[in-house]
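Shown next: query-v6.pdb, containing PDB, C-alpha atoms and all ligand atoms.
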```pdb
ATOM      1  CA  MET A 798     -73.000 -33.597  29.290
ATOM      2  CA  ARG A 799     -75.510 -33.496  26.475
ATOM      3  CA  GLN A 800     -77.335 -30.176  26.090
ATOM      4  CA  PHE A 801     -81.003 -30.930  25.599
ATOM      5  CA  SER A 802     -82.396 -27.433  25.899
ATOM      6  CA  PRO A 803     -81.548 -23.839  24.946
ATOM      7  CA  ASN A 804     -82.968 -22.650  28.257
ATOM      8  CA  THR A 805     -81.217 -21.084  31.245
ATOM      9  CA  PHE A 806     -81.421 -23.308  34.369
ATOM     10  CA  ALA A 807     -81.768 -26.450  32.214
ATOM     11  CA  ASN A 808     -78.886 -28.821  31.337
ATOM     12  CA  PHE A 809     -77.816 -29.882  34.844
ATOM     13  CA  PRO A 810     -74.034 -30.129  34.524
ATOM     14  CA  ILE A 811     -73.072 -32.919  36.930
ATOM     15  CA  ASP A 812     -74.085 -36.482  37.761
ATOM     16  CA  LYS A 813     -76.887 -36.349  40.339
ATOM     17  CA  ALA A 814     -75.606 -39.703  41.642
ATOM     18  CA  GLY A 815     -79.015 -40.401  43.134
ATOM     19  CA  HIS A 816     -77.922 -43.819  44.390
ATOM     20  CA  HIS A 817     -75.887 -42.055  47.112
ATOM     21  CA  ARG A 818     -78.933 -40.252  48.510
ATOM     22  CA  LYS A 819     -80.040 -43.291  50.498
ATOM     23  CA  ASP A 820     -76.583 -43.736  52.069
ATOM     24  CA  PRO A 821     -76.204 -41.340  55.046
ATOM     25  CA  LEU A 822     -72.667 -42.558  55.806
ATOM     26  CA  TRP A 823     -71.493 -41.890  52.243
ATOM     27  CA  LEU A 824     -73.132 -38.450  52.344
ATOM     28  CA  ALA A 825     -71.483 -37.596  55.698
ATOM     29  CA  ASP A 826     -68.059 -38.725  54.444
ATOM     30  CA  ALA A 827     -68.491 -36.823  51.190
ATOM     31  CA  LEU A 828     -69.472 -33.653  53.044
ATOM     32  CA  ALA A 829     -66.476 -33.932  55.393
ATOM     33  CA  GLY A 830     -64.023 -34.869  52.640
ATOM     34  CA  GLY A 831     -61.426 -32.581  51.172
ATOM     35  CA  SER A 832     -62.956 -32.493  47.702
ATOM     36  CA  ALA A 833     -66.447 -31.382  48.820
ATOM     37  CA  GLN A 834     -67.736 -28.252  47.092
ATOM     38  CA  LEU A 835     -70.327 -26.246  49.018
ATOM     39  CA  SER A 836     -72.539 -23.410  47.933
ATOM     40  CA  LEU A 837     -74.312 -21.320  50.571
ATOM     41  CA  PHE A 838     -77.902 -20.104  50.457
ATOM     42  CA  HIS A 839     -79.711 -17.611  52.645
ATOM     43  CA  LYS A 840     -83.431 -16.912  52.298
ATOM     44  CA  GLY A 841     -83.493 -18.485  48.837
ATOM     45  CA  GLN A 842     -80.489 -16.572  47.530
ATOM     46  CA  PRO A 843     -77.105 -18.100  46.587
ATOM     47  CA  PHE A 844     -73.817 -16.661  47.839
ATOM     48  CA  LEU A 845     -72.012 -15.210  44.807
ATOM     49  CA  LEU A 846     -68.481 -13.894  44.593
ATOM     50  CA  GLU A 847     -67.754 -10.239  44.132
ATOM     51  CA  GLU A 848     -65.974  -9.922  40.822
ATOM     52  CA  SER A 849     -63.583  -7.078  40.317
ATOM     53  CA  GLY A 850     -63.450  -5.539  36.881
ATOM     54  CA  ALA A 851     -65.807  -7.581  34.747
ATOM     55  CA  SER A 852     -69.109  -6.663  36.357
ATOM     56  CA  ALA A 853     -71.103  -8.686  33.834
ATOM     57  CA  VAL A 854     -69.522 -11.936  35.029
ATOM     58  CA  ARG A 855     -70.578 -13.519  38.307
ATOM     59  CA  SER A 856     -69.743 -16.856  39.836
ATOM     60  CA  VAL A 857     -70.969 -19.099  42.610
ATOM     61  CA  ALA A 858     -68.701 -19.200  45.645
ATOM     62  CA  TRP A 859     -67.908 -22.935  45.704
ATOM     63  CA  LEU A 860     -66.348 -23.377  49.112
ATOM     64  CA  ALA A 861     -64.375 -26.135  50.760
ATOM     65  CA  GLY A 862     -66.088 -28.276  53.358
ATOM     66  CA  ALA A 863     -65.079 -25.967  56.212
ATOM     67  CA  ALA A 864     -67.609 -23.461  54.918
ATOM     68  CA  ARG A 865     -70.379 -25.379  56.619
ATOM     69  CA  ASP A 866     -68.997 -24.136  59.948
ATOM     70  CA  PHE A 867     -70.364 -20.722  59.003
ATOM     71  CA  ALA A 868     -73.775 -22.105  58.281
ATOM     72  CA  GLY A 869     -74.706 -22.648  61.909
ATOM     73  CA  ARG A 870     -75.490 -25.833  63.777
ATOM     74  CA  ASP A 871     -77.185 -28.637  61.855
ATOM     75  CA  PRO A 872     -78.028 -26.645  58.724
ATOM     76  CA  LEU A 873     -80.202 -28.011  55.956
ATOM     77  CA  THR A 874     -77.772 -29.625  53.501
ATOM     78  CA  LEU A 875     -78.664 -30.635  49.951
ATOM     79  CA  PHE A 876     -76.655 -33.151  47.960
ATOM     80  CA  LEU A 877     -76.563 -31.920  44.358
ATOM     81  CA  GLY A 878     -74.330 -34.554  42.779
ATOM     82  CA  VAL A 879     -70.782 -35.465  41.785
ATOM     83  CA  ASP A 880     -68.783 -33.704  39.067
ATOM     84  CA  ALA A 881     -66.497 -35.336  36.500
ATOM     85  CA  SER A 882     -63.496 -35.120  38.849
ATOM     86  CA  GLY A 883     -65.402 -36.965  41.571
ATOM     87  CA  ALA A 884     -66.008 -33.902  43.755
ATOM     88  CA  PRO A 885     -69.360 -34.038  45.570
ATOM     89  CA  HIS A 886     -71.384 -30.817  45.392
ATOM     90  CA  PHE A 887     -73.713 -29.599  48.114
ATOM     91  CA  ALA A 888     -75.835 -26.565  48.903
ATOM     92  CA  VAL A 889     -76.099 -25.507  52.534
ATOM     93  CA  GLU A 890     -78.602 -23.209  54.197
ATOM     94  CA  ALA A 891     -76.834 -20.436  56.146
ATOM     95  CA  PRO A 892     -79.621 -19.266  58.482
ATOM     96  CA  GLY A 893     -77.748 -16.230  59.786
ATOM     97  CA  GLY A 894     -76.018 -15.117  56.623
ATOM     98  CA  VAL A 895     -72.244 -14.622  56.590
ATOM     99  CA  SER A 896     -71.869 -11.098  57.915
ATOM    100  CA  GLU A 897     -70.009 -12.324  61.022
ATOM    101  CA  SER A 898     -67.909 -14.952  59.224
ATOM    102  CA  PRO A 899     -64.594 -14.901  57.337
ATOM    103  CA  LEU A 900     -66.695 -14.923  54.140
ATOM    104  CA  ALA A 901     -67.816 -11.368  54.816
ATOM    105  CA  GLY A 902     -66.451  -9.140  52.084
ATOM    106  CA  MET A 903     -65.924 -12.015  49.631
ATOM    107  CA  GLY A 904     -69.346 -11.716  48.098
ATOM    108  CA  GLN A 905     -73.014 -11.530  48.884
ATOM    109  CA  PHE A 906     -76.298 -13.379  48.762
ATOM    110  CA  GLU A 907     -78.064 -12.358  45.575
ATOM    111  CA  ASP A 908     -81.329 -12.879  43.776
ATOM    112  CA  LEU A 909     -80.761 -15.744  41.323
ATOM    113  CA  ARG A 910     -83.052 -14.298  38.656
ATOM    114  CA  GLY A 911     -81.072 -11.046  38.544
ATOM    115  CA  ALA A 912     -77.690 -12.778  38.432
ATOM    116  CA  ALA A 913     -78.558 -15.830  36.300
ATOM    117  CA  MET A 914     -77.430 -14.456  32.952
ATOM    118  CA  GLN A 915     -74.078 -13.429  34.425
ATOM    119  CA  LEU A 916     -73.384 -16.905  35.791
ATOM    120  CA  SER A 917     -72.007 -19.801  33.771
ATOM    121  CA  ALA A 918     -74.766 -22.065  32.441
ATOM    122  CA  ALA A 919     -73.494 -24.787  34.790
ATOM    123  CA  ASP A 920     -73.654 -22.606  37.911
ATOM    124  CA  ALA A 921     -77.079 -21.248  36.937
ATOM    125  CA  SER A 922     -78.461 -24.785  36.577
ATOM    126  CA  LEU A 923     -76.975 -25.990  39.867
ATOM    127  CA  MET A 924     -78.284 -22.938  41.739
ATOM    128  CA  ALA A 925     -81.754 -23.310  40.207
ATOM    129  CA  CYS A 926     -81.906 -26.902  41.422
ATOM    130  CA  ALA A 927     -80.769 -25.913  44.915
ATOM    131  CA  LYS A 928     -83.140 -22.950  45.051
ATOM    132  CA  ALA A 929     -86.135 -25.082  44.069
ATOM    133  CA  LEU A 930     -85.260 -27.617  46.781
ATOM    134  CA  PHE A 931     -84.757 -24.937  49.448
ATOM    135  CA  GLU A 932     -88.082 -23.323  48.493
ATOM    136  CA  TRP A 933     -89.781 -26.693  48.880
ATOM    137  CA  HIS A 934     -88.185 -27.412  52.274
ATOM    138  CA  ALA A 935     -89.133 -23.927  53.495
ATOM    139  CA  THR A 936     -92.837 -24.587  52.955
ATOM    140  CA  HIS A 937     -93.064 -28.300  53.780
ATOM    141  CA  GLY A 938     -91.973 -28.443  57.390
ATOM    142  CA  PHE A 939     -95.214 -30.175  58.394
ATOM    143  CA  CYS A 940     -96.809 -33.345  57.139
ATOM    144  CA  SER A 941     -99.690 -32.723  54.765
ATOM    145  CA  ARG A 942    -101.236 -36.008  55.889
ATOM    146  CA  CYS A 943    -101.145 -35.711  59.710
ATOM    147  CA  GLY A 944     -99.788 -32.251  60.557
ATOM    148  CA  HIS A 945     -96.682 -33.347  62.485
ATOM    149  CA  GLU A 946     -93.221 -31.955  61.794
ATOM    150  CA  THR A 947     -91.240 -33.561  58.978
ATOM    151  CA  GLN A 948     -87.474 -34.059  58.640
ATOM    152  CA  SER A 949     -85.221 -33.770  55.602
ATOM    153  CA  ALA A 950     -83.830 -37.099  54.378
ATOM    154  CA  GLU A 951     -81.870 -38.537  51.447
ATOM    155  CA  GLY A 952     -79.607 -35.563  50.952
ATOM    156  CA  GLY A 953     -82.551 -33.170  50.904
ATOM    157  CA  TRP A 954     -84.523 -35.013  48.211
ATOM    158  CA  LYS A 955     -87.241 -36.212  50.582
ATOM    159  CA  ARG A 956     -89.013 -35.235  53.804
ATOM    160  CA  GLU A 957     -90.176 -37.888  56.212
ATOM    161  CA  CYS A 958     -92.911 -37.818  58.832
ATOM    162  CA  LYS A 959     -91.926 -39.925  61.822
ATOM    163  CA  ALA A 960     -95.473 -39.721  63.226
ATOM    164  CA  CYS A 961     -97.396 -41.343  60.370
ATOM    165  CA  GLY A 962     -94.617 -42.670  58.147
ATOM    166  CA  ALA A 963     -95.519 -40.498  55.158
ATOM    167  CA  GLU A 964     -92.808 -39.660  52.661
ATOM    168  CA  HIS A 965     -92.939 -36.322  50.860
ATOM    169  CA  PHE A 966     -91.002 -35.562  47.678
ATOM    170  CA  PRO A 967     -90.052 -32.231  46.079
ATOM    171  CA  ARG A 968     -92.858 -30.906  43.944
ATOM    172  CA  VAL A 969     -92.663 -29.633  40.396
ATOM    173  CA  ASP A 970     -95.580 -27.594  39.056
ATOM    174  CA  PRO A 971     -95.996 -27.827  35.270
ATOM    175  CA  VAL A 972     -96.883 -24.658  33.387
ATOM    176  CA  ALA A 973     -97.784 -24.562  29.701
ATOM    177  CA  ILE A 974     -96.207 -21.578  27.962
ATOM    178  CA  MET A 975     -97.271 -21.220  24.365
ATOM    179  CA  LEU A 976     -96.684 -19.060  21.361
ATOM    180  CA  PRO A 977     -99.841 -18.836  19.244
ATOM    181  CA  VAL A 978     -99.079 -18.774  15.515
ATOM    182  CA  HIS A 979    -101.328 -18.383  12.497
ATOM    183  CA  PRO A 980    -100.380 -19.128   8.867
ATOM    184  CA  HIS A 981    -102.309 -16.113   7.611
ATOM    185  CA  PRO A 982    -102.445 -17.181   3.946
ATOM    186  CA  GLU A 983    -102.979 -13.622   2.649
ATOM    187  CA  HIS A 984    -100.248 -11.782   4.531
ATOM    188  CA  GLY A 985     -97.873 -14.524   5.675
ATOM    189  CA  PRO A 986     -97.348 -16.240   9.047
ATOM    190  CA  ARG A 987     -97.776 -14.293  12.273
ATOM    191  CA  CYS A 988     -97.136 -15.067  15.947
ATOM    192  CA  CYS A 989     -99.019 -13.508  18.817
ATOM    193  CA  LEU A 990     -97.440 -11.943  21.891
ATOM    194  CA  GLY A 991     -99.422 -10.602  24.822
ATOM    195  CA  ARG A 992     -98.862  -8.058  27.562
ATOM    196  CA  GLN A 993     -99.781  -8.487  31.200
ATOM    197  CA  ALA A 994    -100.355  -5.308  33.205
ATOM    198  CA  ARG A 995     -97.374  -6.154  35.453
ATOM    199  CA  PHE A 996     -94.873  -6.453  32.564
ATOM    200  CA  PRO A 997     -92.212  -3.789  32.018
ATOM    201  CA  ARG A 998     -93.297  -1.122  29.529
ATOM    202  CA  GLY A 999     -93.164  -2.408  25.946
ATOM    203  CA  MET A1000     -92.592  -6.074  26.813
ATOM    204  CA  TYR A1001     -94.821  -8.679  25.157
ATOM    205  CA  SER A1002     -94.478 -12.402  25.779
ATOM    206  CA  ALA A1003     -95.874 -15.849  25.110
ATOM    207  CA  LEU A1004     -99.057 -16.807  26.980
ATOM    208  CA  ALA A1005     -98.879 -19.176  29.939
ATOM    209  CA  GLY A1006    -100.892 -20.990  32.552
ATOM    210  CA  PHE A1007    -100.698 -23.795  35.100
ATOM    211  CA  ILE A1008    -101.731 -27.243  33.967
ATOM    212  CA  GLU A1009    -104.775 -28.293  35.973
ATOM    213  CA  PRO A1010    -105.518 -31.728  37.435
ATOM    214  CA  GLY A1011    -107.102 -34.080  34.927
ATOM    215  CA  GLU A1012    -105.759 -32.191  31.942
ATOM    216  CA  SER A1013    -103.198 -33.054  29.273
ATOM    217  CA  LEU A1014    -100.547 -30.558  28.268
ATOM    218  CA  GLU A1015    -102.273 -29.976  24.923
ATOM    219  CA  GLU A1016    -105.640 -29.422  26.599
ATOM    220  CA  ALA A1017    -104.118 -26.928  29.039
ATOM    221  CA  CYS A1018    -102.593 -25.051  26.106
ATOM    222  CA  ALA A1019    -105.915 -24.957  24.240
ATOM    223  CA  ARG A1020    -107.872 -23.917  27.340
ATOM    224  CA  GLU A1021    -105.471 -21.105  28.254
ATOM    225  CA  LEU A1022    -105.435 -19.703  24.718
ATOM    226  CA  GLN A1023    -109.229 -19.806  24.639
ATOM    227  CA  GLU A1024    -109.618 -18.209  28.081
ATOM    228  CA  GLU A1025    -106.960 -15.528  27.775
ATOM    229  CA  ALA A1026    -107.173 -14.592  24.109
ATOM    230  CA  GLY A1027    -110.256 -16.247  22.599
ATOM    231  CA  LEU A1028    -108.021 -18.286  20.280
ATOM    232  CA  VAL A1029    -109.006 -21.759  19.055
ATOM    233  CA  THR A1030    -106.059 -24.181  18.997
ATOM    234  CA  LYS A1031    -105.635 -26.363  15.930
ATOM    235  CA  GLU A1032    -102.288 -28.072  16.503
ATOM    236  CA  VAL A1033     -99.695 -28.063  19.285
ATOM    237  CA  ARG A1034     -95.947 -28.542  18.844
ATOM    238  CA  TYR A1035     -93.534 -29.127  21.718
ATOM    239  CA  HIS A1036     -90.393 -26.991  21.791
ATOM    240  CA  SER A1037     -88.460 -27.316  25.078
ATOM    241  CA  THR A1038     -88.789 -26.997  28.843
ATOM    242  CA  GLN A1039     -87.246 -24.791  31.495
ATOM    243  CA  PRO A1040     -86.960 -25.376  35.239
ATOM    244  CA  TRP A1041     -88.165 -22.133  36.858
ATOM    245  CA  PRO A1042     -87.509 -22.181  40.611
ATOM    246  CA  TYR A1043     -89.972 -19.401  41.622
ATOM    247  CA  PRO A1044     -90.765 -21.520  43.472
ATOM    248  CA  SER A1045     -91.218 -24.820  41.635
ATOM    249  CA  GLN A1046     -92.429 -24.457  38.073
ATOM    250  CA  LEU A1047     -91.444 -26.435  35.025
ATOM    251  CA  MET A1048     -92.178 -24.215  32.023
ATOM    252  CA  ILE A1049     -93.214 -26.393  29.061
ATOM    253  CA  GLY A1050     -92.729 -24.449  25.859
ATOM    254  CA  LEU A1051     -95.176 -25.001  22.988
ATOM    255  CA  ILE A1052     -95.904 -23.494  19.608
ATOM    256  CA  ALA A1053     -99.654 -23.570  18.984
ATOM    257  CA  GLU A1054    -101.200 -23.071  15.574
ATOM    258  CA  VAL A1055    -104.578 -21.373  15.960
ATOM    259  CA  GLU A1056    -107.566 -21.323  13.602
ATOM    260  CA  SER A1057    -108.016 -17.565  13.367
ATOM    261  CA  ASP A1058    -106.147 -14.421  14.357
ATOM    262  CA  ALA A1059    -109.251 -12.794  15.866
ATOM    263  CA  LEU A1060    -108.491 -11.957  19.500
ATOM    264  CA  THR A1061    -110.878 -11.663  22.432
ATOM    265  CA  LEU A1062    -108.671 -10.731  25.363
ATOM    266  CA  ASP A1063    -109.399 -11.454  29.006
ATOM    267  CA  GLN A1064    -108.302  -8.066  30.316
ATOM    268  CA  ASP A1065    -107.559  -9.487  33.763
ATOM    269  CA  GLU A1066    -104.801 -11.590  32.158
ATOM    270  CA  ILE A1067    -103.755  -9.908  28.900
ATOM    271  CA  VAL A1068    -104.205  -6.153  28.508
ATOM    272  CA  GLU A1069    -102.905  -6.036  24.950
ATOM    273  CA  ALA A1070    -101.709  -8.444  22.252
ATOM    274  CA  VAL A1071     -99.924  -8.031  18.926
ATOM    275  CA  TRP A1072     -99.432 -10.223  15.848
ATOM    276  CA  LEU A1073     -95.885 -10.137  14.471
ATOM    277  CA  THR A1074     -94.323 -11.387  11.252
ATOM    278  CA  ARG A1075     -91.146 -13.449  11.500
ATOM    279  CA  ALA A1076     -89.061 -10.343  10.700
ATOM    280  CA  GLU A1077     -90.924  -8.308  13.318
ATOM    281  CA  ALA A1078     -90.473 -11.112  15.866
ATOM    282  CA  ARG A1079     -86.727 -11.132  15.190
ATOM    283  CA  ALA A1080     -86.653  -7.363  15.712
ATOM    284  CA  ALA A1081     -88.616  -7.728  18.977
ATOM    285  CA  LEU A1082     -85.975 -10.191  20.175
ATOM    286  CA  SER A1083     -83.043  -7.959  19.354
ATOM    287  CA  GLY A1084     -83.731  -4.548  20.790
ATOM    288  CA  GLY A1085     -87.369  -4.106  19.876
ATOM    289  CA  LEU A1086     -89.458  -2.742  17.047
ATOM    290  CA  SER A1087     -91.555   0.363  16.766
ATOM    291  CA  ARG A1088     -95.192   0.231  15.679
ATOM    292  CA  ASP A1089     -97.722   3.069  15.838
ATOM    293  CA  GLY A1090     -95.304   5.028  18.004
ATOM    294  CA  LYS A1091     -95.050   2.188  20.504
ATOM    295  CA  SER A1092     -92.046   0.041  21.308
ATOM    296  CA  ILE A1093     -92.542  -3.748  21.254
ATOM    297  CA  TRP A1094     -89.921  -6.086  22.634
ATOM    298  CA  ALA A1095     -89.787  -9.759  23.615
ATOM    299  CA  PRO A1096     -88.385 -11.159  26.898
ATOM    300  CA  PRO A1097     -84.604 -11.584  27.262
ATOM    301  CA  ALA A1098     -82.811 -14.909  26.801
ATOM    302  CA  LEU A1099     -83.316 -15.830  30.478
ATOM    303  CA  ALA A1100     -86.945 -16.628  29.661
ATOM    304  CA  ILE A1101     -88.113 -19.651  27.672
ATOM    305  CA  ALA A1102     -90.502 -17.275  25.864
ATOM    306  CA  HIS A1103     -87.454 -15.743  24.173
ATOM    307  CA  HIS A1104     -86.414 -19.134  22.775
ATOM    308  CA  LEU A1105     -89.945 -19.989  21.664
ATOM    309  CA  VAL A1106     -90.226 -16.755  19.704
ATOM    310  CA  LYS A1107     -86.706 -17.216  18.336
ATOM    311  CA  ALA A1108     -87.386 -20.782  17.180
ATOM    312  CA  TRP A1109     -90.507 -19.712  15.291
ATOM    313  CA  ALA A1110     -88.985 -16.492  13.936
ATOM    314  CA  GLU A1111     -86.040 -18.388  12.462
ATOM    315  CA  GLU A1112     -88.114 -21.124  10.823
ATOM    316  CA  ALA A1113     -88.029 -21.231   7.045
ATOM    317  CA  GLU A1114     -91.089 -19.769   5.384
TER     318      GLU A1114
HETATM  319 ZN    ZN A1201     -97.501 -37.425  59.006
END
```

Structure translated into structure tokens:
Amino acid sequence: MRQFSPNTFANFPIDKAGHHRKDPLWLADALAGGSAQLSLFHKGQPFLLEESGASAVRSVAWLAGAARDFAGRDPLTLFLGVDASGAPHFAVEAPGGVSESPLAGMGQFEDLRGAAMQLSAADASLMACAKALFEWHATHGFCSRCGHETQSAEGGWKRECKACGAEHFPRVDPVAIMLPVHPHPEHGPRCCLGRQARFPRGMYSALAGFIEPGESLEEACARELQEEAGLVTKEVRYHSTQPWPYPSQLMIGLIAEVESDALTLDQDEIVEAVWLTRAEARAALSGGLSRDGKSIWAPPALAIAHHLVKAWAEEAE
């Protein structure tokens, strides 16, 4: 599978085989078949195996079809796709957990964000897809048009309202995440990282905001930089995107050249911002740098912000 993106959760590793979604008989046979691979979810968390020894390595518990017996009657089942060997992959909601099942002791339900960097890239991507779908199902049980209950359909990729006939599809909420950069002719290029009050001590990141209705990606980028930091955008470059299932964002990474490095911070959003040279940005990515007695570090590789900063920091002068 071609790798389009450096980002965790991107690069879905199997064929989504979307043409099977509209075929309930195929889906039922695939789920009951011997090659079916099931992952279990409970309250938005995937069931991961306990690993002995190598604590930094985690893996998804891909279970044979019988695992659905532990999930309770008529659980929500998502069809994820078919791998290269032809094995269909599913994710199943286990409403009661597995504490009373034979799976008890094999592993546990865990927060995906905490475990993501210890999973294989393939497992992380599959679990992010399943998590985003489960989050959507959990909050779309009723029709937004008429208020009646809706039912999952097409392997979990749609909800249908029998009362009014409306079809509802999983939502994706685009977020612009941008690294402001300035050529700074006198002192050399700088990038700007900002701190939100909720960030861990010393962490500075790219700026971000939801794209609003009626707005292009570039306009959203320019508006957010103006609102949060008083920066005027001159040119916007696309870098990459990252699915971010908390609950349904698509992070769209941009590098934005701004006209001036003068900052006017909106303290409700950004409590502090710093301009870094490429060398300083590289230091912030790998352990942090010290300035005026303060530690400055960039987000870890789980976050698209890390890859934005890295891409700019490694550009030739
Ligand atoms: Zn309806």

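When all atoms listed in the file are used to compute distances to ligand ZN 1201 (chain A), the closest of the residues A:Gly944, A:Pro1096, A:Gly1085, A:Gly938 turns out to be A:Gly944.
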
So that each row is one residue of chain A with an atom at most 6 Å from ligand ZN 1201 (chain A), can you give its shortest atom pair and the distance in Å to one decimal, using only C-alpha atoms and all ligand atoms, rows by chain and rising number, as a tab-separated table?
```
residue	atom	partner	partner_atom	distance
A:Cys940	CA	A:ZN1201	ZN	4.5
A:Arg942	CA	A:ZN1201	ZN	5.1
A:Cys943	CA	A:ZN1201	ZN	4.1
A:Gly944	CA	A:ZN1201	ZN	5.9
A:His945	CA	A:ZN1201	ZN	5.4
A:Cys958	CA	A:ZN1201	ZN	4.6
A:Ala960	CA	A:ZN1201	ZN	5.2
A:Cys961	CA	A:ZN1201	ZN	4.1
A:Ala963	CA	A:ZN1201	ZN	5.3
```

Residues within 10 Å of (-70.6, -34.6, 50.3), counting all atoms listed in the file, listed as a PDB file with C-alpha atoms, in the frame of the given file:
```pdb
ATOM      1  CA  HIS A 817     -75.887 -42.055  47.112  1.00  0.00           C
ATOM      2  CA  PRO A 821     -76.204 -41.340  55.046  1.00  0.00           C
ATOM      3  CA  LEU A 822     -72.667 -42.558  55.806  1.00  0.00           C
ATOM      4  CA  TRP A 823     -71.493 -41.890  52.243  1.00  0.00           C
ATOM      5  CA  LEU A 824     -73.132 -38.450  52.344  1.00  0.00           C
ATOM      6  CA  ALA A 825     -71.483 -37.596  55.698  1.00  0.00           C
ATOM      7  CA  ASP A 826     -68.059 -38.725  54.444  1.00  0.00           C
ATOM      8  CA  ALA A 827     -68.491 -36.823  51.190  1.00  0.00           C
ATOM      9  CA  LEU A 828     -69.472 -33.653  53.044  1.00  0.00           C
ATOM     10  CA  ALA A 829     -66.476 -33.932  55.393  1.00  0.00           C
ATOM     11  CA  GLY A 830     -64.023 -34.869  52.640  1.00  0.00           C
ATOM     12  CA  GLY A 831     -61.426 -32.581  51.172  1.00  0.00           C
ATOM     13  CA  SER A 832     -62.956 -32.493  47.702  1.00  0.00           C
ATOM     14  CA  ALA A 833     -66.447 -31.382  48.820  1.00  0.00           C
ATOM     15  CA  GLN A 834     -67.736 -28.252  47.092  1.00  0.00           C
ATOM     16  CA  LEU A 835     -70.327 -26.246  49.018  1.00  0.00           C
ATOM     17  CA  GLY A 862     -66.088 -28.276  53.358  1.00  0.00           C
ATOM     18  CA  THR A 874     -77.772 -29.625  53.501  1.00  0.00           C
ATOM     19  CA  LEU A 875     -78.664 -30.635  49.951  1.00  0.00           C
ATOM     20  CA  PHE A 876     -76.655 -33.151  47.960  1.00  0.00           C
ATOM     21  CA  LEU A 877     -76.563 -31.920  44.358  1.00  0.00           C
ATOM     22  CA  GLY A 878     -74.330 -34.554  42.779  1.00  0.00           C
ATOM     23  CA  VAL A 879     -70.782 -35.465  41.785  1.00  0.00           C
ATOM     24  CA  ALA A 884     -66.008 -33.902  43.755  1.00  0.00           C
ATOM     25  CA  PRO A 885     -69.360 -34.038  45.570  1.00  0.00           C
ATOM     26  CA  HIS A 886     -71.384 -30.817  45.392  1.00  0.00           C
ATOM     27  CA  PHE A 887     -73.713 -29.599  48.114  1.00  0.00           C
ATOM     28  CA  ALA A 888     -75.835 -26.565  48.903  1.00  0.00           C
ATOM     29  CA  GLY A 952     -79.607 -35.563  50.952  1.00  0.00           C
TER      30      GLY A 952
END
```

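Applied to the shown file, the PyMOL selection byres (((chain A and resi 1109-1114) around 7) and not hetatm) selects the residues Arg1075, Ala1076, Ala1078, Arg1079, Leu1105, Val1106, Lys1107 and Ala1108 of chain A.
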
Between A:Ser882, A:Gln842, A:Thr947, A:Gln800, which residue has the minimum interatomic distance to Asp908 (chain A), considering only C-alpha atoms?
A:Gln842

Where does the PyMOL selection byres (((chain A and resi 953) around 9) and not hetatm) land in this file, that is, which residues does it pick, as a count of residues only?
17

Give the answer as one residue: which of A:Asn804, A:Ser1057, A:Ser1002, A:Gln1046 has the shortest atom-to-atom distance to Ala1070 (chain A), using all atoms listed in the file?
A:Ser1002

For each of A:Phe838, A:Phe1007, A:Phe844, A:Trp1094, take the minimum atom-to-atom distance to Arg992 (chain A), counting all atoms listed in the file, then give the residue where this is smallest.
A:Trp1094

Got a sec to resolve the PyMOL selection byres (((chain A and resi 1022-1035) around 9) and not hetatm) on this structure and send the residues as a ChimeraX atom specification?
/A:975,977,991,1004-1005,1015,1017-1021,1036-1038,1049-1067,1070

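Among the candidate residues A:Leu846, A:Ser836, A:Gly999, A:Ala807, the one lying nearest to Gln915 (chain A) is A:Leu846, with distances computed using all atoms listed in the file.
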
Please compute the CA of His984 (chain A)-CA of Val1068 (chain A) distance, one decimal, in Å.
24.9 Å

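Among the candidate residues A:Pro980, A:Gly904, A:Pro971, A:Pro986, the one lying nearest to Ala858 (chain A) is A:Gly904, with distances computed using only C-alpha atoms.
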
Answer as a PDB file with C-alpha atoms, keeping the file's coordinate frame, residues within 7 Å of (-70.0, -33.9, 36.0) using all atoms listed in the file:
```pdb
ATOM      1  CA  PRO A 810     -74.034 -30.129  34.524  1.00  0.00           C
ATOM      2  CA  ILE A 811     -73.072 -32.919  36.930  1.00  0.00           C
ATOM      3  CA  ASP A 812     -74.085 -36.482  37.761  1.00  0.00           C
ATOM      4  CA  VAL A 879     -70.782 -35.465  41.785  1.00  0.00           C
ATOM      5  CA  ASP A 880     -68.783 -33.704  39.067  1.00  0.00           C
ATOM      6  CA  ALA A 881     -66.497 -35.336  36.500  1.00  0.00           C
TER       7      ALA A 881
END
```

Would you give the centre and edge lengths, in Å to one decimal, of a box along x, y and z around the listed atoms of region 936-940 of chain A, with 6 Å added to each side, as JSON?
```
{"center_x": -94.4, "center_y": -29.0, "center_z": 55.7, "size_x": 16.8, "size_y": 20.8, "size_z": 17.4}
```

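Between CA of Ser917 (chain A) and CA of Pro1042 (chain A) the separation is 17.1 Å.
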
Contacts of Arg855 (chain A) within 9 Å, only C-alpha atoms, excl. fewer than 3 positions in-chain, as a ChimeraX atom specification
/A:845-848,851-852,912-917

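Note that the spacing between CA of Ala1098 (chain A) and CA of Arg968 (chain A) amounts to 25.5 Å.
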